[in-house]
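Asker: One structure coming up, written as structure tokens, with questions to follow.
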Amino acid sequence: MSEMHTRAQARAQEKAAGPAVRHGRLKQHHPLKALLKIFVAVVAVFGVTGVSLAAYAAVDVVSSVKKSVKLVDAKGKETTPGVGAMNGAFNVLLAGSDSGGGNSAYGDREENLNDVTMLLHVSADHQNATVVSFPRDMFVSIPSCPDPKGGSFDSMSRQKINNSLSYGGLACTVLTVEKLTGLDIPYAGVIEFDGVIEMSNAVGGVPVCVAGDIEDPYTGLDVKAGQNVLEGSQALAFLRTRHGVGDGSDLGRISNQQVFLSSLVRTIKSADVLSNPVKLYGLAKAATSSITLSDSLNNPTTIVSMAMALKNIDISKVVFVQYPNHYVDGGVAPTTDAADQLMSALQNDQPVTLTGDTGVGSEADPNAPATQTPATQAPATQAPATQAPATQAPTTGTPDAGTGGGAVELPSDVHGQTAAQYTCSKPFTE
């Protein structure tokens with residue numbers, strides 16, 4: 001009896017001590033555990049009570065992270081920015097690949113061109129954001145780029161910018177844009193067709209205004225005049241369409257994309273996505289599962305930190321601008337003086353003000369809310385952009401705008417809009 005009593009006592013003690021023993025076995029340093037701790041802290045700060053749901057979201061995001069890409073500087077040395085809260089200004093490059101990502105639904109596509117190249121600059125005080133779109137047919141110099149198989153590729157003095165991705169991968173596109181802009185770009189990603197679909201689905205669709213019916217057999221876009229809520233394949237078709245908008249050029253496609261992106265910003269802000277950690281991690285999952293990221297960005301915590309830096313920016317301070325360019329034989333070339341003004345502003349962390357129209361692929365929304373700043377649109381007979389006068393100097397606005405000085409007014413031949421401007425896509429016209 002004494003032995004049985006002793007065994008019973010032992011089992012009772014073991015049962016009572018069980019959780020402590022299990023915790024002891026699991027006590028190890030694991031990156032996922034660190035991420036969860038950070039996530040729970042974010043949840044606590046924002047007062048979200050569904051901690052178990054939040055923790056599940058974090059685990060789910062981490063499990064979806066894809067293999068990342070190493071970025072290098074001009075000397076070939078790997079760049080390794082810190083992970084965590086975003087302090088000060090930062091730059092992020094996003095390249096849109098036309099490869100289709102291996103999805104047969106998009107046809108047999110052997111290309112891997114960055115037909116979309118965008119640079120996001122966020123000011124040091126996190127009060128201004130500028131998104132620069134680079135025309136795919138713009139001639140630029142491509143520096144020596146690392147060969148993913150080893151060694152490096154030679155530099156090229158004049159190539160279209162959308163060749164950089166196929167030439168040397170994401171690292172090469174980043175080096176090319178760094179050389180062109182004079183900015184350091186420590187964060188980057190490549191999004192393919194399916195990634196656009198996932199991102200549009202993550203926010204429940206994006207409402208866009210269309211000035212007339214658009215049907216583009218090349219991309220499968222079919223939208224009617226008026227308001228359309230686009231997600232999935234139609235959102236992708238809308239962003240890809242070139243033949244269906246403006247004058248059928250890539251420049252028209254850029255202004256059409258800015259219609260979508262401006263509405264996307266308004267959608268995210270109105271839904272308070274950037275202030276809701278659970279929704280935010282949902283977007284992070286869509287990003288990490290659908291985009292090939294640089295090592296520096298391949299972390300949900302870094303993505304969320306960037307979003308937190310963006311969440312308080314007023315939509316009127318989110319500026320979408322087309323990199324200044326003008327037509328040349330076979331494509332377009334940088335408009336040097338205007339481009340220098342734009343890049344100098346970003347290098348000095350100054351906000352920019354647009355004085356030109358929204359571009360050939362868009363126009364002001366006649367039904368825009370009265371409280372919003374109307375988009376400007378030049379007459380349809382406007383000539384293509386030409387080289388800005390060499391004597392034109394940047395002008396400044398209020399002395400306290402931004403952290404680097406007054407706002408810089410860009411010349412009238414630089415196209416774009418703010419996220420506060422309501423615009424409509426213009427159907428293709430001969």
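Scheme for the structure tokens: letters A, B, ... for chains in order shown; per-chain residue numbers from 1; ligand numbers from 1 in order shown.
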Per DSSP on the backbone, what are the helix (DSSP H, G or I) residues of region 123-182 of chain A, as an MDAnalysis selection string?

Answerer: chainID A and resid 161:181

Asker: Neighbouring residues of region 188-203 of chain A were defined as those with any atom within 9 Å, considering only C-alpha atoms; residues of the same chain fewer than 2 positions away were excluded. Please report them as an MDAnalysis selection string.

Answerer: chainID A and resid 68:69 71 91:101 103 106 114 119 170:171 174 185:186 205:206 230:236 239 264 267:268 271 273 279 282:283 286:287 289:298

Asker: Could you write out the selected residues, including C-alpha atoms, as a compact mmCIF listing (two decimals), in the first residue's frame?

Answerer:
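See out-v6.txt below for the written result:
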# COMPACT_ATOMS: atom_id res chain seq x y z
CA SER A 68 14.33 36.48 -50.76
CA VAL A 69 16.86 38.37 -52.89
CA LEU A 71 20.70 43.53 -52.63
CA ASN A 91 13.08 54.29 -49.84
CA VAL A 92 11.39 51.18 -51.24
CA LEU A 93 11.45 49.99 -54.84
CA LEU A 94 8.72 47.79 -56.32
CA ALA A 95 9.17 46.15 -59.71
CA GLY A 96 6.25 44.58 -61.55
CA SER A 97 7.33 41.59 -63.63
CA ASP A 98 5.47 40.58 -66.79
CA SER A 99 6.66 36.96 -66.50
CA GLY A 100 3.30 35.71 -65.22
CA GLY A 101 4.99 33.84 -62.39
CA ASN A 103 0.85 30.71 -64.20
CA TYR A 106 -1.45 34.25 -68.62
CA ASN A 114 10.07 45.08 -65.14
CA LEU A 119 9.98 54.05 -56.03
CA LEU A 170 15.97 42.67 -58.68
CA ALA A 171 19.42 43.73 -57.44
CA VAL A 174 17.71 48.59 -57.69
CA ILE A 185 17.29 52.03 -51.84
CA PRO A 186 17.69 49.41 -49.11
CA GLY A 205 -11.53 45.49 -54.02
CA VAL A 206 -10.61 48.99 -55.18
CA LEU A 230 -12.06 46.04 -59.11
CA GLU A 231 -10.42 43.01 -57.56
CA GLY A 232 -8.88 39.78 -58.75
CA SER A 233 -8.24 39.40 -62.45
CA GLN A 234 -10.03 42.63 -63.40
CA ALA A 235 -7.82 44.64 -61.05
CA LEU A 236 -4.79 43.07 -62.73
CA LEU A 239 -3.27 47.91 -64.10
CA LEU A 264 -6.22 52.13 -53.13
CA THR A 267 -9.54 52.63 -49.48
CA ILE A 268 -6.88 51.52 -47.02
CA ALA A 271 -10.97 51.12 -43.71
CA VAL A 273 -6.29 49.07 -42.22
CA LYS A 279 -5.83 43.57 -40.99
CA GLY A 282 -3.42 40.15 -43.54
CA LEU A 283 -1.93 42.58 -46.02
CA ALA A 286 -0.62 38.86 -49.16
CA ALA A 287 2.67 40.67 -49.75
CA SER A 289 3.22 35.18 -50.22
CA SER A 290 2.89 36.94 -53.58
CA ILE A 291 6.03 39.06 -53.85
CA THR A 292 9.70 38.15 -54.01
CA LEU A 293 11.27 40.49 -51.48
CA SER A 294 14.78 41.65 -50.73
CA ASP A 295 16.39 40.13 -47.62
CA SER A 296 15.94 43.48 -45.90
CA LEU A 297 12.18 43.45 -46.50
CA ASN A 298 11.45 39.74 -46.16

Asker: Using only C-alpha atoms, find the one residue out of A:Val265, A:Ala407, A:Val304, A:Ala225 that sits nearest to Pro427 (chain A).

Answerer: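 Once distances to Pro427 (chain A) are computed over only C-alpha atoms, the minimum belongs to A:Ala225.
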
Asker: My list of candidates is A:Lys285, A:His126, A:Lys160, A:Lys67. Which is closest to Asn312 (chain A) when distances are computed with only C-alpha atoms?

Answerer: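 Of the candidates, the smallest distance to Asn312 (chain A) is held by A:His126.
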
Asker: Could you tell me which of A:Ser157, A:Thr423, A:Asn256, A:Gln350 comes closest to Phe139 (chain A) if we count only C-alpha atoms?

Answerer: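 Selected residue with least distance to Phe139 (chain A): A:Ser157.
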